[in-house]
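Each remark here refers to the structure printed beneath this line.
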Amino acid sequence: MFSKEIYTQRRSVLRQKIGSGLILIPGNLESPMNYRDNTYHFRQNSTFLYFFGLDLPGMIGVIDVDNNRDWIYANEVDIEDIIWMGPQKSVTEQAQIVGIEATAPLEKIERTIESAIQNGRRIHFLPPYRAENQEQLGSLLGIKSYKVKQYDSLALIHACIEMRSVKDAFEIAEIEKACAIGYEMHVTAMKMAQPGIVEQQIAGLIEGIALSKGAGTSFPTILTQNGETLHNHNHAFTLEAGRLMLVDAGAESNGHYASDFTRTIPVGGKFSDKQRDIYNIVLAANNQTLALAKPGITYQSIHLQAATVIASGLKELGLMKGDVDEAVANGAHALFLPHGLGHMMGLDVHDMEDYGQVHVGYDDEIRPIDQFGTAYLRMGRRLQPGFVVTNEPGIYFIPALIEKWEKEKINANFINFGKVKEYLGFGGIRLEDDLLVTETGARILGNRIPINPEEVEAVVVGGRLQ
Ligand code: GLY
Ligand code: MN
Ligand code: MN
């Protein structure tokens, strides 16, 4: 948690941006896993964390813009709670930690909202992403829960995005803590990338690192020899010498900021020539993104330049053909790179995605490109100092996609399908770093996890010798 001044200042800035009305920011509730008292790991709502800092379930934050007053609505613990959970601070004591004097029991919020509605005041809230919060908002606002999203506040969405997109020094320090944990997770995975080990053994161990040093993982770990499946959460296979293991994993710091890294590792410690050639193309796209990222440039244009590096590398290897710029303009590279170059990162691994990606990653000037592959780019707009974005190009050989494109002759002018089919079973390569946009360029957050092929091989071999 940051100092109370930070939260007070953030709420004051938000008040000025919104101008009038009542801002309602519900925190998350406990969510049952298989029965009421056996809940999922509690994760606070990120907007609530940003403005109210408190990491407890069942609270609602209210920013009364017209009366210049902030509230925490929450119920005091009772003796039963104390028996099961131990002594707790009172709601008033909790609220004071983040600079709030006004508190009330949850039931009182109904009257506050009723009277705001009667007085014709605008109630601003964000689109809920959990069923429990959607229900809660529906009943507080007197609307059917499935209609709640129709009434969310675009003004509040834009104000929150404007504030949360630019990370301050305290937030960067928190992200760097998450990056340090991520570094250890990935180097551990590299050392363990030995034939005979089951993927699950590595996944479990690195998730344990995330839990032992922070708040756990920032998203479900992807660790697989079948890296062509972009979000592969199956960890059941035994590692085989000569295959590639893709690891996309990150940590959440105790202050709830994320890291998100991907490395692709040769099982046993030696890339084949074929693997190394593809790896070096992805690495070149990653390095070029780092070199290009700076304030004022659009991430959409950097995505397309990464796609150009990939297309020209694949052309050199004989997998693509024709004019490279034309191939990229036609989306031919998306056979191999069917996802975006990156996304914002902060309190959420895909930061603020609950607000609606088109608002977070795009604006009036830069609109999403509706073309297979590039349509998945979550972040397209101009970079500003303080933005944190991921840099995650990849090349994948997805049998079903290759078969579909060949059968339907999609981009047949730019793809050598005969050659591509020699790569069936190759898997996929993704290399992901987290970037902070600075005044003049961009820098990698945290120590860069080994990425040059020789460095990666040395770490795997080092792991074998231990
Ligand atoms: N970890 C998912 C992603 O890289 O976006
Ligand atoms: Mn990732
Ligand atoms: Mn990512």
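The way I read the labels, and the way they are meant: chains A, B, ... in the order of the structure tokens, residue 1 as the first residue of every chain, and ligand 1 as the first ligand shown, with later ones counted on from there.
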
Could you list, as a short mmCIF file (atom, residue, chain, number, x, y, z; two decimals) with all heavy atoms, in the first residue's frame, every residue within 8 Å of A:Gly53, counting only C-alpha atoms and ignoring same-chain residues fewer than 6 positions away?
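For reference, out_26.cif as written:
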```
data_model
loop_
_atom_site.label_atom_id
_atom_site.label_comp_id
_atom_site.auth_asym_id
_atom_site.auth_seq_id
_atom_site.Cartn_x
_atom_site.Cartn_y
_atom_site.Cartn_z
N MET A 1 0.84 -1.20 0.00
CA MET A 1 0.00 0.00 0.00
C MET A 1 0.88 1.25 0.00
O MET A 1 1.94 1.25 0.60
CB MET A 1 -0.87 -0.02 1.26
CG MET A 1 -1.92 1.06 1.28
SD MET A 1 -2.86 1.09 2.81
CE MET A 1 -3.87 -0.35 2.66
N PHE A 2 0.41 2.29 -0.72
CA PHE A 2 1.17 3.54 -0.76
C PHE A 2 0.74 4.44 0.40
O PHE A 2 -0.15 4.08 1.18
CB PHE A 2 0.94 4.24 -2.11
CG PHE A 2 1.34 3.40 -3.30
CD1 PHE A 2 0.44 3.11 -4.31
CD2 PHE A 2 2.63 2.89 -3.42
CE1 PHE A 2 0.81 2.34 -5.41
CE2 PHE A 2 3.01 2.12 -4.52
CZ PHE A 2 2.09 1.84 -5.51
N TYR A 7 -3.34 8.25 -2.21
CA TYR A 7 -4.75 7.91 -2.49
C TYR A 7 -5.62 9.17 -2.44
O TYR A 7 -6.54 9.34 -3.25
CB TYR A 7 -5.24 6.85 -1.50
CG TYR A 7 -4.45 5.57 -1.61
CD1 TYR A 7 -3.53 5.20 -0.63
CD2 TYR A 7 -4.58 4.76 -2.74
CE1 TYR A 7 -2.78 4.04 -0.76
CE2 TYR A 7 -3.83 3.60 -2.87
CZ TYR A 7 -2.93 3.25 -1.87
OH TYR A 7 -2.19 2.10 -2.02
N VAL A 98 -6.12 5.34 4.48
CA VAL A 98 -6.06 5.87 3.10
C VAL A 98 -6.71 7.26 3.03
O VAL A 98 -7.19 7.68 1.97
CB VAL A 98 -6.69 4.89 2.09
CG1 VAL A 98 -5.82 3.66 1.96
CG2 VAL A 98 -8.12 4.51 2.46
#
```

What are the closest atom pairs, with distances in Å to one decimal, for each residue of chain A lying within 12 Å of ligand 2, using only C-alpha atoms and all ligand atoms, rows by chain and rising residue number, as a Markdown table?
```
| residue | atom | partner | partner_atom_place_in_ligand_line | distance |
| --- | --- | --- | --- | --- |
| A:Gly182 | CA | ligand 2 | 1 (Mn) | 10.9 |
| A:His186 | CA | ligand 2 | 1 (Mn) | 11.9 |
| A:Thr217 | CA | ligand 2 | 1 (Mn) | 11.3 |
| A:Ser218 | CA | ligand 2 | 1 (Mn) | 9.5 |
| A:Phe219 | CA | ligand 2 | 1 (Mn) | 8.4 |
| A:Pro220 | CA | ligand 2 | 1 (Mn) | 9.7 |
| A:Thr221 | CA | ligand 2 | 1 (Mn) | 8.7 |
| A:Ile222 | CA | ligand 2 | 1 (Mn) | 8.2 |
| A:Leu223 | CA | ligand 2 | 1 (Mn) | 10.8 |
| A:Leu230 | CA | ligand 2 | 1 (Mn) | 9.7 |
| A:His231 | CA | ligand 2 | 1 (Mn) | 9.1 |
| A:Asn232 | CA | ligand 2 | 1 (Mn) | 11.5 |
| A:Leu246 | CA | ligand 2 | 1 (Mn) | 10.5 |
| A:Val247 | CA | ligand 2 | 1 (Mn) | 8.5 |
| A:Asp248 | CA | ligand 2 | 1 (Mn) | 4.8 |
| A:Ala249 | CA | ligand 2 | 1 (Mn) | 6.0 |
| A:Gly250 | CA | ligand 2 | 1 (Mn) | 7.1 |
| A:Ala251 | CA | ligand 2 | 1 (Mn) | 10.6 |
| A:Ala258 | CA | ligand 2 | 1 (Mn) | 10.6 |
| A:Ser259 | CA | ligand 2 | 1 (Mn) | 8.4 |
| A:Asp260 | CA | ligand 2 | 1 (Mn) | 4.7 |
| A:Phe261 | CA | ligand 2 | 1 (Mn) | 5.1 |
| A:Thr262 | CA | ligand 2 | 1 (Mn) | 5.6 |
| A:Arg263 | CA | ligand 2 | 1 (Mn) | 9.3 |
| A:Thr264 | CA | ligand 2 | 1 (Mn) | 11.8 |
| A:His339 | CA | ligand 2 | 1 (Mn) | 11.7 |
| A:Gly340 | CA | ligand 2 | 1 (Mn) | 11.3 |
| A:Leu341 | CA | ligand 2 | 1 (Mn) | 10.6 |
| A:Gly342 | CA | ligand 2 | 1 (Mn) | 8.7 |
| A:His343 | CA | ligand 2 | 1 (Mn) | 9.5 |
| A:Met344 | CA | ligand 2 | 1 (Mn) | 11.4 |
| A:Met345 | CA | ligand 2 | 1 (Mn) | 10.3 |
| A:Val349 | CA | ligand 2 | 1 (Mn) | 8.3 |
| A:His350 | CA | ligand 2 | 1 (Mn) | 9.3 |
| A:Val389 | CA | ligand 2 | 1 (Mn) | 11.1 |
| A:Thr390 | CA | ligand 2 | 1 (Mn) | 7.9 |
| A:Asn391 | CA | ligand 2 | 1 (Mn) | 9.2 |
| A:Glu392 | CA | ligand 2 | 1 (Mn) | 7.4 |
| A:Pro393 | CA | ligand 2 | 1 (Mn) | 10.4 |
| A:Gly394 | CA | ligand 2 | 1 (Mn) | 11.1 |
| A:Arg430 | CA | ligand 2 | 1 (Mn) | 8.8 |
| A:Leu431 | CA | ligand 2 | 1 (Mn) | 8.8 |
| A:Glu432 | CA | ligand 2 | 1 (Mn) | 6.5 |
| A:Asp433 | CA | ligand 2 | 1 (Mn) | 8.6 |
| A:Asp434 | CA | ligand 2 | 1 (Mn) | 9.4 |
```

Practice prompt. Would you list the contacts of A:Ala116 as a ChimeraX atom specification, taking every protein, DNA or RNA residue within 12 Å and counting only C-alpha atoms, but skipping same-chain residues closer than 4 positions in sequence?
Written response: /A:20-24,64-67,109-112,120-124,140-141

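Every protein or nucleic acid residue with an atom no more than 12 Å from A:Arg130, counting only C-alpha atoms and leaving out same-chain residues fewer than 6 positions away, appears here: Pro26, Gly27, Asn28, Leu29, Glu30, Ser31, Arg43, Gln44, Asn45, Gln136, Leu137, Ser145, Tyr146, Val148, Lys149 and Asp354 of chain A.
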
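Of the residues under consideration (A:Phe336, A:Tyr183, A:Phe414, A:Tyr355), A:Tyr355 shows the shortest atom-to-atom contact distance to A:Pro128 when counting only C-alpha atoms.
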
Worksheet entry | Test item, helix (DSSP H, G or I) assignment across stretch 67-312 of chain A, answer as number ranges by chain | A: 79-85, 91-97, 108-118, 131-141, 145-151, 154-165, 169-191, 199-213, 273-292, 299-312

Worksheet item: When DSSP works through the backbone of this structure, what residues of stretch 167-403 of chain A end up as strand (DSSP E), shown as a PyMOL selection string?
Response: chain A and resi 222-224+244-249+261-266+388-391+394-396

With N, CA, C and O atoms kept, could you save the residues just selected as a PDB file, in the first residue's frame?
```pdb
ATOM      1  N   ILE A 222       1.591 -20.184 -18.431  1.00  0.00           N
ATOM      2  CA  ILE A 222       1.625 -20.941 -19.683  1.00  0.00           C
ATOM      3  C   ILE A 222       3.011 -21.581 -19.718  1.00  0.00           C
ATOM      4  O   ILE A 222       4.021 -20.866 -19.705  1.00  0.00           O
ATOM      5  N   LEU A 223       3.073 -22.899 -19.716  1.00  0.00           N
ATOM      6  CA  LEU A 223       4.389 -23.575 -19.742  1.00  0.00           C
ATOM      7  C   LEU A 223       4.191 -24.863 -20.504  1.00  0.00           C
ATOM      8  O   LEU A 223       3.510 -25.772 -20.048  1.00  0.00           O
ATOM      9  N   THR A 224       4.766 -24.916 -21.712  1.00  0.00           N
ATOM     10  CA  THR A 224       4.409 -26.022 -22.593  1.00  0.00           C
ATOM     11  C   THR A 224       5.422 -26.237 -23.712  1.00  0.00           C
ATOM     12  O   THR A 224       6.051 -25.285 -24.168  1.00  0.00           O
ATOM     13  N   LEU A 244      11.135 -27.447 -27.933  1.00  0.00           N
ATOM     14  CA  LEU A 244      11.159 -26.117 -27.321  1.00  0.00           C
ATOM     15  C   LEU A 244      10.135 -26.064 -26.200  1.00  0.00           C
ATOM     16  O   LEU A 244       9.028 -26.588 -26.335  1.00  0.00           O
ATOM     17  N   MET A 245      10.489 -25.403 -25.099  1.00  0.00           N
ATOM     18  CA  MET A 245       9.531 -25.190 -24.006  1.00  0.00           C
ATOM     19  C   MET A 245       9.248 -23.691 -23.913  1.00  0.00           C
ATOM     20  O   MET A 245      10.173 -22.904 -23.690  1.00  0.00           O
ATOM     21  N   LEU A 246       7.994 -23.330 -24.128  1.00  0.00           N
ATOM     22  CA  LEU A 246       7.619 -21.912 -24.030  1.00  0.00           C
ATOM     23  C   LEU A 246       7.062 -21.653 -22.628  1.00  0.00           C
ATOM     24  O   LEU A 246       6.195 -22.387 -22.151  1.00  0.00           O
ATOM     25  N   VAL A 247       7.603 -20.621 -21.977  1.00  0.00           N
ATOM     26  CA  VAL A 247       7.136 -20.253 -20.636  1.00  0.00           C
ATOM     27  C   VAL A 247       6.682 -18.797 -20.649  1.00  0.00           C
ATOM     28  O   VAL A 247       7.483 -17.891 -20.886  1.00  0.00           O
ATOM     29  N   ASP A 248       5.384 -18.582 -20.444  1.00  0.00           N
ATOM     30  CA  ASP A 248       4.834 -17.228 -20.333  1.00  0.00           C
ATOM     31  C   ASP A 248       4.279 -17.123 -18.928  1.00  0.00           C
ATOM     32  O   ASP A 248       3.265 -17.754 -18.602  1.00  0.00           O
ATOM     33  N   ALA A 249       4.989 -16.387 -18.061  1.00  0.00           N
ATOM     34  CA  ALA A 249       4.618 -16.371 -16.648  1.00  0.00           C
ATOM     35  C   ALA A 249       5.035 -15.051 -16.025  1.00  0.00           C
ATOM     36  O   ALA A 249       6.011 -14.432 -16.448  1.00  0.00           O
ATOM     37  N   PHE A 261       6.349 -12.046 -18.504  1.00  0.00           N
ATOM     38  CA  PHE A 261       7.503 -12.341 -19.366  1.00  0.00           C
ATOM     39  C   PHE A 261       7.301 -13.662 -20.101  1.00  0.00           C
ATOM     40  O   PHE A 261       6.700 -14.590 -19.546  1.00  0.00           O
ATOM     41  N   THR A 262       7.877 -13.748 -21.285  1.00  0.00           N
ATOM     42  CA  THR A 262       7.915 -15.043 -21.977  1.00  0.00           C
ATOM     43  C   THR A 262       9.334 -15.336 -22.457  1.00  0.00           C
ATOM     44  O   THR A 262      10.010 -14.446 -22.984  1.00  0.00           O
ATOM     45  N   ARG A 263       9.743 -16.573 -22.256  1.00  0.00           N
ATOM     46  CA  ARG A 263      10.982 -17.071 -22.842  1.00  0.00           C
ATOM     47  C   ARG A 263      10.701 -18.426 -23.469  1.00  0.00           C
ATOM     48  O   ARG A 263       9.783 -19.141 -23.041  1.00  0.00           O
ATOM     49  N   THR A 264      11.503 -18.761 -24.465  1.00  0.00           N
ATOM     50  CA  THR A 264      11.347 -20.065 -25.128  1.00  0.00           C
ATOM     51  C   THR A 264      12.706 -20.752 -25.082  1.00  0.00           C
ATOM     52  O   THR A 264      13.728 -20.158 -25.461  1.00  0.00           O
ATOM     53  N   ILE A 265      12.697 -21.966 -24.592  1.00  0.00           N
ATOM     54  CA  ILE A 265      13.937 -22.615 -24.134  1.00  0.00           C
ATOM     55  C   ILE A 265      14.109 -23.965 -24.840  1.00  0.00           C
ATOM     56  O   ILE A 265      13.150 -24.733 -24.931  1.00  0.00           O
ATOM     57  N   PRO A 266      15.336 -24.277 -25.308  1.00  0.00           N
ATOM     58  CA  PRO A 266      15.547 -25.605 -25.893  1.00  0.00           C
ATOM     59  C   PRO A 266      15.711 -26.644 -24.780  1.00  0.00           C
ATOM     60  O   PRO A 266      16.591 -26.504 -23.923  1.00  0.00           O
ATOM     61  N   VAL A 388       3.583   1.703 -19.334  1.00  0.00           N
ATOM     62  CA  VAL A 388       4.264   0.404 -19.267  1.00  0.00           C
ATOM     63  C   VAL A 388       3.545  -0.532 -20.234  1.00  0.00           C
ATOM     64  O   VAL A 388       2.321  -0.711 -20.132  1.00  0.00           O
ATOM     65  N   VAL A 389       4.303  -1.066 -21.186  1.00  0.00           N
ATOM     66  CA  VAL A 389       3.709  -1.954 -22.195  1.00  0.00           C
ATOM     67  C   VAL A 389       4.551  -3.215 -22.302  1.00  0.00           C
ATOM     68  O   VAL A 389       5.744  -3.201 -22.000  1.00  0.00           O
ATOM     69  N   THR A 390       3.916  -4.294 -22.733  1.00  0.00           N
ATOM     70  CA  THR A 390       4.698  -5.504 -22.989  1.00  0.00           C
ATOM     71  C   THR A 390       5.147  -5.514 -24.443  1.00  0.00           C
ATOM     72  O   THR A 390       4.513  -4.920 -25.316  1.00  0.00           O
ATOM     73  N   ASN A 391       6.268  -6.187 -24.657  1.00  0.00           N
ATOM     74  CA  ASN A 391       6.876  -6.330 -25.988  1.00  0.00           C
ATOM     75  C   ASN A 391       6.996  -7.823 -26.226  1.00  0.00           C
ATOM     76  O   ASN A 391       7.893  -8.460 -25.686  1.00  0.00           O
ATOM     77  N   GLY A 394       6.106 -13.028 -31.606  1.00  0.00           N
ATOM     78  CA  GLY A 394       6.254 -14.487 -31.632  1.00  0.00           C
ATOM     79  C   GLY A 394       6.098 -15.031 -33.038  1.00  0.00           C
ATOM     80  O   GLY A 394       5.630 -14.327 -33.944  1.00  0.00           O
ATOM     81  N   ILE A 395       6.547 -16.257 -33.206  1.00  0.00           N
ATOM     82  CA  ILE A 395       6.298 -17.008 -34.449  1.00  0.00           C
ATOM     83  C   ILE A 395       5.807 -18.396 -34.030  1.00  0.00           C
ATOM     84  O   ILE A 395       6.429 -19.050 -33.185  1.00  0.00           O
ATOM     85  N   TYR A 396       4.681 -18.797 -34.622  1.00  0.00           N
ATOM     86  CA  TYR A 396       4.045 -20.062 -34.245  1.00  0.00           C
ATOM     87  C   TYR A 396       3.712 -20.853 -35.501  1.00  0.00           C
ATOM     88  O   TYR A 396       3.371 -20.261 -36.534  1.00  0.00           O
TER      89      TYR A 396
END
```

Discussion item. Residues within 12 Å of A:Ala169, please, as a PyMOL selection string. Count only C-alpha atoms; anything in the same chain fewer than 2 positions from it doesn't count.
Written reply: chain A and resi 2+6+166-167+171-176+385-388+436+438

Quick one: write out the picked residues with C-alpha atoms as a short mmCIF file (atom, residue, chain, number, x, y, z; two decimals), in the first residue's frame?
```cif
data_model
loop_
_atom_site.label_atom_id
_atom_site.label_comp_id
_atom_site.auth_asym_id
_atom_site.auth_seq_id
_atom_site.Cartn_x
_atom_site.Cartn_y
_atom_site.Cartn_z
CA PHE A 2 1.17 3.54 -0.76
CA ILE A 6 -1.21 9.27 -2.79
CA VAL A 166 0.89 6.96 -16.67
CA LYS A 167 2.71 5.17 -13.87
CA GLU A 171 4.15 2.26 -9.16
CA ILE A 172 7.27 1.58 -11.24
CA ALA A 173 9.10 0.45 -8.10
CA GLU A 174 6.22 -1.94 -7.37
CA ILE A 175 6.27 -3.28 -10.96
CA GLU A 176 10.02 -3.79 -10.64
CA PRO A 385 6.36 8.75 -20.80
CA GLY A 386 5.25 6.57 -17.88
CA PHE A 387 3.36 4.02 -19.98
CA VAL A 388 4.26 0.40 -19.27
CA LEU A 436 8.71 1.51 -19.44
CA THR A 438 10.80 7.14 -20.73
#
```

Worksheet item: Any idea what's packed within 12 Å of A:Ala400, counting only C-alpha atoms, ignoring anything in its chain fewer than 4 positions away? Could you give it as an MDAnalysis selection string?
Response: chainID A and resid 228:229 335 396 404:407 421 424:425

Any chance you could export the current selection's all heavy atoms as a compact mmCIF listing (two decimals), in the first residue's frame?
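Just written: again23.txt:
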```txt
# COMPACT_ATOMS: atom_id res chain seq x y z
N GLU A 228 2.74 -23.46 -29.74
CA GLU A 228 1.93 -22.90 -30.84
C GLU A 228 0.50 -22.62 -30.37
O GLU A 228 -0.21 -21.87 -31.01
CB GLU A 228 1.96 -23.83 -32.07
CG GLU A 228 1.11 -25.08 -31.98
CD GLU A 228 1.74 -26.20 -31.15
OE1 GLU A 228 2.81 -25.97 -30.53
OE2 GLU A 228 1.17 -27.30 -31.10
N THR A 229 0.10 -23.23 -29.25
CA THR A 229 -1.21 -22.91 -28.66
C THR A 229 -0.96 -21.74 -27.72
O THR A 229 -0.27 -21.87 -26.71
CB THR A 229 -1.77 -24.14 -27.89
OG1 THR A 229 -1.89 -25.21 -28.82
CG2 THR A 229 -3.12 -23.84 -27.27
N LEU A 335 -0.32 -15.55 -40.26
CA LEU A 335 -0.29 -17.02 -40.21
C LEU A 335 0.68 -17.45 -39.10
O LEU A 335 0.48 -18.45 -38.42
CB LEU A 335 0.16 -17.59 -41.55
CG LEU A 335 0.31 -19.12 -41.61
CD1 LEU A 335 -1.01 -19.83 -41.33
CD2 LEU A 335 0.88 -19.57 -42.95
N TYR A 396 4.68 -18.80 -34.62
CA TYR A 396 4.05 -20.06 -34.24
C TYR A 396 3.71 -20.85 -35.50
O TYR A 396 3.37 -20.26 -36.53
CB TYR A 396 2.74 -19.80 -33.46
CG TYR A 396 2.93 -18.76 -32.37
CD1 TYR A 396 2.77 -17.40 -32.65
CD2 TYR A 396 3.29 -19.14 -31.08
CE1 TYR A 396 2.97 -16.44 -31.66
CE2 TYR A 396 3.49 -18.19 -30.09
CZ TYR A 396 3.33 -16.84 -30.39
OH TYR A 396 3.55 -15.90 -29.42
N LYS A 404 -5.94 -24.57 -42.83
CA LYS A 404 -7.07 -23.73 -43.29
C LYS A 404 -6.61 -22.75 -44.38
O LYS A 404 -7.26 -22.61 -45.41
CB LYS A 404 -7.64 -22.98 -42.08
CG LYS A 404 -8.77 -22.00 -42.41
CD LYS A 404 -9.26 -21.31 -41.14
CE LYS A 404 -10.06 -20.05 -41.42
NZ LYS A 404 -11.32 -20.28 -42.13
N TRP A 405 -5.49 -22.07 -44.12
CA TRP A 405 -5.02 -21.07 -45.09
C TRP A 405 -4.66 -21.73 -46.42
O TRP A 405 -4.93 -21.19 -47.48
CB TRP A 405 -3.82 -20.29 -44.51
CG TRP A 405 -4.21 -19.18 -43.60
CD1 TRP A 405 -5.24 -19.18 -42.70
CD2 TRP A 405 -3.57 -17.90 -43.48
NE1 TRP A 405 -5.27 -17.98 -42.03
CE2 TRP A 405 -4.27 -17.18 -42.49
CE3 TRP A 405 -2.47 -17.31 -44.10
CZ2 TRP A 405 -3.91 -15.88 -42.11
CZ3 TRP A 405 -2.10 -16.01 -43.73
CH2 TRP A 405 -2.82 -15.31 -42.74
N GLU A 406 -4.02 -22.91 -46.32
CA GLU A 406 -3.63 -23.57 -47.57
C GLU A 406 -4.87 -23.99 -48.36
O GLU A 406 -4.97 -23.73 -49.57
CB GLU A 406 -2.74 -24.79 -47.29
CG GLU A 406 -2.23 -25.38 -48.59
CD GLU A 406 -1.35 -26.61 -48.40
OE1 GLU A 406 -1.53 -27.33 -47.40
OE2 GLU A 406 -0.49 -26.85 -49.27
N LYS A 407 -5.82 -24.59 -47.64
CA LYS A 407 -7.05 -25.07 -48.29
C LYS A 407 -7.81 -23.91 -48.92
O LYS A 407 -8.31 -24.00 -50.04
CB LYS A 407 -7.91 -25.77 -47.23
CG LYS A 407 -8.94 -26.69 -47.79
CD LYS A 407 -9.42 -27.65 -46.70
CE LYS A 407 -10.93 -27.86 -46.85
NZ LYS A 407 -11.54 -28.20 -45.59
N LYS A 421 5.04 -26.47 -44.25
CA LYS A 421 4.64 -27.78 -43.70
C LYS A 421 5.83 -28.57 -43.15
O LYS A 421 5.65 -29.47 -42.34
CB LYS A 421 3.85 -28.56 -44.75
CG LYS A 421 2.41 -28.00 -44.83
CD LYS A 421 1.45 -28.90 -45.56
CE LYS A 421 1.61 -28.73 -47.05
NZ LYS A 421 0.62 -29.46 -47.84
N LEU A 424 5.73 -28.29 -39.32
CA LEU A 424 4.65 -28.83 -38.47
C LEU A 424 5.31 -29.60 -37.31
O LEU A 424 6.26 -30.35 -37.54
CB LEU A 424 3.73 -29.75 -39.28
CG LEU A 424 2.87 -29.03 -40.34
CD1 LEU A 424 2.10 -30.03 -41.18
CD2 LEU A 424 1.91 -28.03 -39.68
N GLY A 425 4.86 -29.37 -36.10
CA GLY A 425 5.48 -30.01 -34.94
C GLY A 425 6.58 -29.16 -34.31
O GLY A 425 7.14 -29.54 -33.28
```

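Atom to atom, atom CA of A:Ile100 and atom CA of A:Trp71 stand 6.5 Å apart.
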
Discussion item. Between atom CA of A:Glu135 and atom CA of A:Thr92, what is the distance in Å, rounded to a tenth?
Written reply: 26.3 Å

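Atom CA of A:Ile72 sits 11.6 Å away from atom CA of A:Ile97.
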
Worksheet item: Between A:Leu383, A:Leu401, A:Ile366, A:Ala332, which has the minimum distance to A:Met320 (counting only C-alpha atoms)?
Response: A:Ala332
